[in-house]
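Chemist: Sharing my_file-v4.txt, compact mmCIF, C-alpha atoms and all ligand atoms:
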```txt
# COMPACT_ATOMS: atom_id res chain seq x y z
CA MET A 104 14.31 -6.02 1.16
CA ILE A 105 10.61 -5.24 1.26
CA ASP A 106 8.32 -3.38 -1.14
CA PHE A 107 4.94 -3.39 0.52
CA HIS A 108 3.11 -1.41 -2.19
CA CYS A 109 3.99 -2.00 -5.82
CA HIS A 110 1.87 -2.28 -9.01
CA ILE A 111 3.75 -5.13 -10.68
CA ASP A 112 0.95 -5.67 -13.21
CA LEU A 113 1.39 -2.14 -14.56
CA TYR A 114 5.03 -2.36 -15.68
CA PRO A 115 5.56 -2.81 -19.43
CA ASP A 116 6.89 -6.34 -18.76
CA PRO A 117 5.26 -7.50 -15.51
CA GLN A 118 6.52 -11.08 -15.68
CA SER A 119 10.15 -10.06 -15.91
CA VAL A 120 9.70 -7.76 -12.88
CA ALA A 121 8.03 -10.56 -10.92
CA ASP A 122 10.83 -12.98 -11.85
CA GLN A 123 13.53 -10.50 -10.85
CA VAL A 124 11.76 -9.91 -7.55
CA ALA A 125 11.94 -13.64 -6.86
CA ARG A 126 15.58 -13.90 -7.98
CA ARG A 127 16.58 -11.08 -5.66
CA GLY A 128 14.61 -12.55 -2.76
CA LEU A 129 12.47 -9.45 -2.32
CA LYS A 130 9.25 -9.55 -0.33
CA VAL A 131 6.62 -7.67 -2.34
CA LEU A 132 2.98 -6.79 -1.84
CA SER A 133 1.65 -6.67 -5.38
CA VAL A 134 -1.37 -4.38 -5.25
CA THR A 135 -4.04 -4.05 -7.93
CA THR A 136 -6.32 -1.19 -8.96
CA THR A 137 -9.34 -3.31 -9.96
CA PRO A 138 -10.62 -6.80 -9.08
CA LEU A 139 -10.54 -7.52 -12.83
CA ALA A 140 -6.73 -7.48 -12.65
CA TRP A 141 -6.40 -9.85 -9.70
CA GLU A 142 -6.36 -13.23 -11.43
CA GLY A 143 -3.73 -12.15 -13.98
CA THR A 144 -1.61 -10.45 -11.32
CA LEU A 145 -1.80 -13.53 -9.10
CA SER A 146 -0.53 -15.66 -12.00
CA LEU A 147 2.62 -13.47 -12.25
CA ALA A 148 3.62 -14.91 -8.91
CA ARG A 149 3.89 -18.43 -10.42
CA ASN A 150 5.62 -20.36 -7.68
CA HIS A 151 7.21 -17.23 -6.18
CA ASP A 152 5.94 -15.98 -2.86
CA LEU A 153 4.57 -12.65 -4.07
CA MET A 154 1.75 -11.37 -1.89
CA THR A 155 -1.09 -10.39 -4.23
CA ALA A 156 -3.75 -7.94 -3.06
CA VAL A 157 -7.21 -7.31 -4.46
CA GLY A 158 -8.10 -3.65 -4.69
CA ILE A 159 -10.28 -0.92 -6.11
CA HIS A 160 -8.22 2.23 -6.54
CA PRO A 161 -10.14 5.39 -5.55
CA GLU A 162 -9.35 6.92 -8.94
CA LEU A 163 -11.39 4.10 -10.53
CA ALA A 164 -14.27 4.08 -8.04
CA HIS A 165 -16.66 5.73 -10.53
CA THR A 166 -15.81 3.39 -13.42
CA PRO A 167 -17.01 -0.13 -14.36
CA ASN A 168 -13.61 -1.36 -13.08
CA ALA A 169 -15.00 -0.96 -9.57
CA ASN A 170 -16.60 -4.39 -9.69
CA LEU A 171 -17.86 -4.91 -6.14
CA GLN A 172 -19.31 -8.36 -6.73
CA LEU A 173 -16.00 -9.67 -8.05
CA PHE A 174 -14.20 -7.98 -5.14
CA ASP A 175 -16.44 -9.84 -2.69
CA GLU A 176 -15.59 -13.17 -4.30
CA ILE A 177 -11.84 -12.58 -4.35
CA VAL A 178 -11.54 -11.11 -0.85
CA GLU A 179 -12.38 -14.56 0.49
CA ARG A 180 -9.28 -15.97 -1.23
CA THR A 181 -6.53 -13.53 -0.22
CA ARG A 182 -5.16 -12.04 3.01
CA PHE A 183 -4.33 -8.78 1.26
CA VAL A 184 -6.55 -5.92 0.13
CA GLY A 185 -5.22 -2.91 -1.81
CA GLU A 186 -5.03 -0.46 -3.29
CA ILE A 187 -8.11 1.00 -1.67
CA GLY A 188 -8.96 4.34 -0.07
CA LEU A 189 -10.03 7.86 -0.97
CA ASP A 190 -8.49 10.57 -3.15
CA GLY A 191 -9.46 14.21 -2.57
CA THR A 192 -7.39 15.84 -5.29
CA PRO A 193 -9.35 18.21 -7.59
CA ARG A 194 -9.47 15.72 -10.48
CA TYR A 195 -11.27 13.05 -8.41
CA LYS A 196 -13.13 15.13 -5.87
CA ALA A 197 -16.23 15.15 -8.09
CA TYR A 198 -16.52 11.39 -7.50
CA ARG A 199 -16.21 11.55 -3.73
CA LEU A 200 -19.62 9.96 -3.15
CA GLN A 201 -18.78 6.98 -5.37
CA GLN A 202 -15.36 6.75 -3.72
CA ALA A 203 -16.89 6.74 -0.25
CA GLU A 204 -19.43 4.10 -1.23
CA VAL A 205 -16.77 1.81 -2.71
CA PHE A 206 -14.38 2.31 0.23
CA GLN A 207 -17.14 1.58 2.73
CA HIS A 208 -18.07 -1.53 0.77
CA VAL A 209 -14.54 -2.96 0.65
CA LEU A 210 -13.98 -2.28 4.35
CA ALA A 211 -17.24 -4.02 5.26
CA ALA A 212 -16.43 -6.96 2.97
CA SER A 213 -12.95 -7.25 4.52
CA ALA A 214 -14.52 -7.27 7.98
CA ARG A 215 -17.01 -9.97 6.93
CA ALA A 216 -14.10 -12.05 5.63
CA GLY A 217 -12.53 -11.91 9.09
CA GLY A 218 -10.20 -8.93 8.61
CA ARG A 219 -7.48 -8.37 6.04
CA ILE A 220 -4.17 -6.53 5.66
CA LEU A 221 -5.14 -3.33 3.83
CA SER A 222 -2.90 -1.06 1.73
CA VAL A 223 -4.63 2.32 1.95
CA HIS A 224 -4.42 5.43 -0.23
CA SER A 225 -5.39 8.72 1.45
CA ARG A 226 -4.08 11.59 -0.71
CA TRP A 227 -5.85 14.85 0.22
CA ALA A 228 -8.41 12.76 2.12
CA THR A 229 -6.66 11.68 5.31
CA GLY A 230 -9.42 12.78 7.68
CA SER A 231 -12.17 10.95 5.76
CA VAL A 232 -10.05 7.81 5.41
CA LEU A 233 -9.31 7.70 9.14
CA GLU A 234 -12.98 8.30 9.90
CA ALA A 235 -13.99 5.35 7.70
CA LEU A 236 -11.32 3.13 9.28
CA SER A 237 -12.50 4.05 12.77
CA GLN A 238 -16.04 3.06 11.80
CA ASN A 239 -14.85 -0.28 10.39
CA LYS A 240 -12.49 -1.52 13.09
CA HIS A 241 -12.91 -5.17 12.09
CA ALA A 242 -11.77 -4.56 8.51
CA GLY A 243 -8.24 -5.53 9.54
CA VAL A 244 -4.87 -3.80 9.81
CA ALA A 245 -4.56 -0.68 7.69
CA VAL A 246 -1.13 0.05 6.26
CA MET A 247 -1.27 3.71 5.23
CA HIS A 248 0.60 3.97 1.95
CA TRP A 249 2.45 7.24 1.23
CA PHE A 250 0.80 8.97 4.20
CA SER A 251 0.64 12.74 3.63
CA GLY A 252 -1.63 14.03 6.38
CA SER A 253 -0.80 16.49 9.14
CA PRO A 254 1.14 15.54 12.28
CA SER A 255 -2.13 15.50 14.26
CA GLU A 256 -3.74 13.21 11.66
CA LEU A 257 -0.68 11.01 11.98
CA SER A 258 -1.27 10.78 15.75
CA ARG A 259 -4.86 9.80 15.09
CA ALA A 260 -3.76 7.12 12.64
CA VAL A 261 -1.32 5.75 15.21
CA GLU A 262 -4.08 5.69 17.84
CA LEU A 263 -6.28 3.74 15.41
CA GLY A 264 -3.57 1.10 15.08
CA CYS A 265 -2.48 1.99 11.55
CA TRP A 266 0.83 0.93 10.05
CA PHE A 267 2.75 2.92 7.42
CA SER A 268 4.58 2.10 4.20
CA VAL A 269 7.01 4.74 2.99
CA GLY A 270 8.95 5.01 -0.25
CA PRO A 271 11.81 6.89 -1.92
CA SER A 272 9.52 9.54 -3.48
CA MET A 273 7.89 10.42 -0.17
CA LEU A 274 11.25 10.46 1.57
CA SER A 275 12.78 12.78 -1.01
CA SER A 276 10.68 15.68 0.31
CA PRO A 277 11.38 17.48 3.60
CA ARG A 278 7.69 17.22 4.55
CA GLY A 279 7.56 13.47 3.94
CA SER A 280 10.78 12.97 5.86
CA SER A 281 9.57 14.93 8.87
CA LEU A 282 6.33 12.89 8.94
CA VAL A 283 8.29 9.65 8.80
CA ALA A 284 10.37 10.77 11.76
CA LEU A 285 7.13 10.82 13.78
CA MET A 286 5.96 7.34 12.74
CA PRO A 287 6.40 4.46 15.19
CA ARG A 288 9.44 2.42 14.10
CA GLY A 289 7.64 -0.78 14.99
CA ARG A 290 4.85 -0.14 12.46
CA LEU A 291 6.84 0.90 9.45
CA LEU A 292 7.44 -0.88 6.12
CA THR A 293 9.17 0.23 2.93
CA GLU A 294 7.44 0.53 -0.46
CA THR A 295 8.07 2.00 -3.92
CA ASP A 296 4.58 2.51 -5.47
CA GLY A 297 6.25 1.71 -8.79
CA PRO A 298 5.71 2.22 -11.64
CA PHE A 299 3.53 5.24 -10.68
CA ALA A 300 6.08 6.72 -8.32
CA MET A 301 9.15 8.19 -9.92
CA LEU A 302 12.47 9.48 -8.74
CA SER A 303 14.42 11.87 -10.96
CA GLY A 304 11.96 11.19 -13.78
CA THR A 305 12.37 7.40 -13.75
CA ALA A 306 9.77 4.88 -12.60
CA LEU A 307 10.80 3.03 -9.47
CA PHE A 308 11.20 -0.76 -9.36
CA PRO A 309 10.65 -2.94 -6.28
CA TRP A 310 14.40 -3.26 -5.67
CA ASP A 311 14.61 0.54 -5.35
CA ALA A 312 13.12 0.04 -1.88
CA HIS A 313 16.73 0.13 -0.68
CA LEU A 314 16.63 3.89 -1.32
CA ALA A 315 13.94 4.16 1.34
CA VAL A 316 16.08 2.15 3.73
CA GLN A 317 18.99 4.54 3.12
CA ARG A 318 16.82 7.56 3.84
CA LEU A 319 15.40 5.95 6.99
CA SER A 320 18.95 5.29 8.09
CA GLN A 321 19.70 9.02 7.79
CA ILE A 322 16.45 10.10 9.45
CA TRP A 323 16.77 7.70 12.38
CA GLY A 324 20.53 7.99 12.68
CA VAL A 325 20.77 4.20 12.59
CA ASP A 326 22.92 1.96 10.41
CA ALA A 327 21.15 0.81 7.20
CA HIS A 328 21.52 -2.85 8.17
CA GLU A 329 19.78 -2.16 11.46
CA VAL A 330 16.99 -0.36 9.60
CA GLN A 331 16.55 -3.32 7.28
CA LYS A 332 16.47 -5.73 10.22
CA ASN A 333 13.85 -3.56 11.89
CA ILE A 334 11.68 -3.48 8.74
CA ASP A 335 12.05 -7.26 8.23
CA LEU A 336 10.94 -7.93 11.80
CA ASN A 337 8.01 -5.56 11.36
CA LEU A 338 6.77 -7.51 8.34
CA GLN A 339 7.17 -10.81 10.16
CA ARG A 340 5.13 -9.45 13.03
CA LEU A 341 2.45 -8.03 10.74
CA LEU A 342 2.09 -11.33 8.89
CA SER A 343 2.00 -13.40 12.06
CA THR A 344 -0.55 -11.27 13.90
CA ALA A 345 -2.89 -9.80 11.28
MN MN B 401 -0.28 2.90 -5.63
```
The structure in this file should be written as structure tokens.

Modeler:
Amino acid sequence: MIDFHCHIDLYPDPQSVADQVARRGLKVLSVTTTPLAWEGTLSLARNHDLMTAVGIHPELAHTPNANLQLFDEIVERTRFVGEIGLDGTPRYKAYRLQQAEVFQHVLAASARAGGRILSVHSRWATGSVLEALSQNKHAGVAVMHWFSGSPSELSRAVELGCWFSVGPSMLSSPRGSSLVALMPRGRLLTETDGPFAMLSGTALFPWDAHLAVQRLSQIWGVDAHEVQKNIDLNLQRLLSTA
């Protein structure tokens, strides 16, 4: 099972979540919202093979947590960058200039480092995110997390080479499900976005990624084991090529 976008450091007991992830043999991309959290989040992995990403969440772009200098140091040491991106919802729209500056910076730094696997947030800002990605083609492979753009924006993302990670919350809505049906099956991964993302009022855990597999099985009309095999192969391919 794969959870390619989870905030392990933000659960009440991060170490127990990380240990359970290892016990269950899950493959998890552990994303962070600030470079200040990277070292501590990396240490949760202990000897497990958690993938730990360095990020600057767009909701924090205007705060001192958006430490660009520290980001630049850490990006040299990891293959994974996230959570990064832009957020155009009313609460954060006022900071769109800071967001754009930070996003541009992390994309350029990722390109300088030779390209990275990027977990990208684009809520209410799909067009601007895709524009920035198209201007920073050497930043690496963008995995669009919880994509919520229009079908034509989805086509543009596919043209740009983007991948997609989809979770139970997104797949519980008809709109999310119909978008997923349009995504290329060879560029799809599962995620939970826990503990932020909830289902029926409860925060999701990495092992709830199986709920996304079940939904994909319904949407594709393919047996859940086949879906899982497909997602596993996708991750292998992403990690061997990016
Ligand atoms: Mn997230």

Chemist: To one decimal place in Å, what is the distance between atom CA of Asp106 of chain A and atom CA of Thr166 of chain A?

Modeler: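 Atom CA of Thr166 of chain A lies 27.9 Å from atom CA of Asp106 of chain A.
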
Chemist: Within 12 Å of ligand MN 401 (chain B), counting only C-alpha atoms and all ligand atoms: which residues, as a ChimeraX atom specification?

Modeler: /A:106-113,132-137,156,158-162,185-190,222-226,247-250,268-270,294-301,307

Chemist: Which residue out of A:Val244, A:Leu257, A:Ser146, A:Ser272 has the minimum interatomic distance to Ala306 of chain A when only C-alpha atoms are used?

Modeler: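 Of A:Val244, A:Leu257, A:Ser146, A:Ser272, the one nearest Ala306 of chain A is A:Ser272, counting only C-alpha atoms.
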
Chemist: Looking at all atoms listed in the file, which of A:Ala203, A:Ala315, A:Leu139, A:Met104 is the one that sits closest to Leu336 of chain A?

Modeler: A:Met104

Chemist: Which protein, DNA or RNA residues have an atom at most 12 Å from (-19.4, 0.9, 4.3), counting all atoms listed in the file? List them as number ranges by chain.

Modeler: A: 188, 200-215, 232, 234-242

Chemist: Output C-alpha atoms for every residue in that selection, as a CSV table (one decimal), in the frame of the given file.

Modeler:
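The file below, part_3.csv, is the result:
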```
chain,number,residue,atom,x,y,z
A,188,GLY,CA,-9.0,4.3,-0.1
A,200,LEU,CA,-19.6,10.0,-3.2
A,201,GLN,CA,-18.8,7.0,-5.4
A,202,GLN,CA,-15.4,6.8,-3.7
A,203,ALA,CA,-16.9,6.7,-0.2
A,204,GLU,CA,-19.4,4.1,-1.2
A,205,VAL,CA,-16.8,1.8,-2.7
A,206,PHE,CA,-14.4,2.3,0.2
A,207,GLN,CA,-17.1,1.6,2.7
A,208,HIS,CA,-18.1,-1.5,0.8
A,209,VAL,CA,-14.5,-3.0,0.6
A,210,LEU,CA,-14.0,-2.3,4.4
A,211,ALA,CA,-17.2,-4.0,5.3
A,212,ALA,CA,-16.4,-7.0,3.0
A,213,SER,CA,-13.0,-7.2,4.5
A,214,ALA,CA,-14.5,-7.3,8.0
A,215,ARG,CA,-17.0,-10.0,6.9
A,232,VAL,CA,-10.0,7.8,5.4
A,234,GLU,CA,-13.0,8.3,9.9
A,235,ALA,CA,-14.0,5.4,7.7
A,236,LEU,CA,-11.3,3.1,9.3
A,237,SER,CA,-12.5,4.0,12.8
A,238,GLN,CA,-16.0,3.1,11.8
A,239,ASN,CA,-14.8,-0.3,10.4
A,240,LYS,CA,-12.5,-1.5,13.1
A,241,HIS,CA,-12.9,-5.2,12.1
A,242,ALA,CA,-11.8,-4.6,8.5
```

Chemist: Atom CA of Leu285 of chain A to atom CA of Val316 of chain A: how many Å, to one decimal?

Modeler: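 Atom-to-atom, atom CA of Leu285 of chain A and atom CA of Val316 of chain A are spaced 16.0 Å apart.
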
Chemist: From the options A:Ala164, A:Leu221, A:Leu291, A:Leu171, which residue's atoms come nearest to Lys196 of chain A, counting all atoms listed in the file?

Modeler: A:Ala164
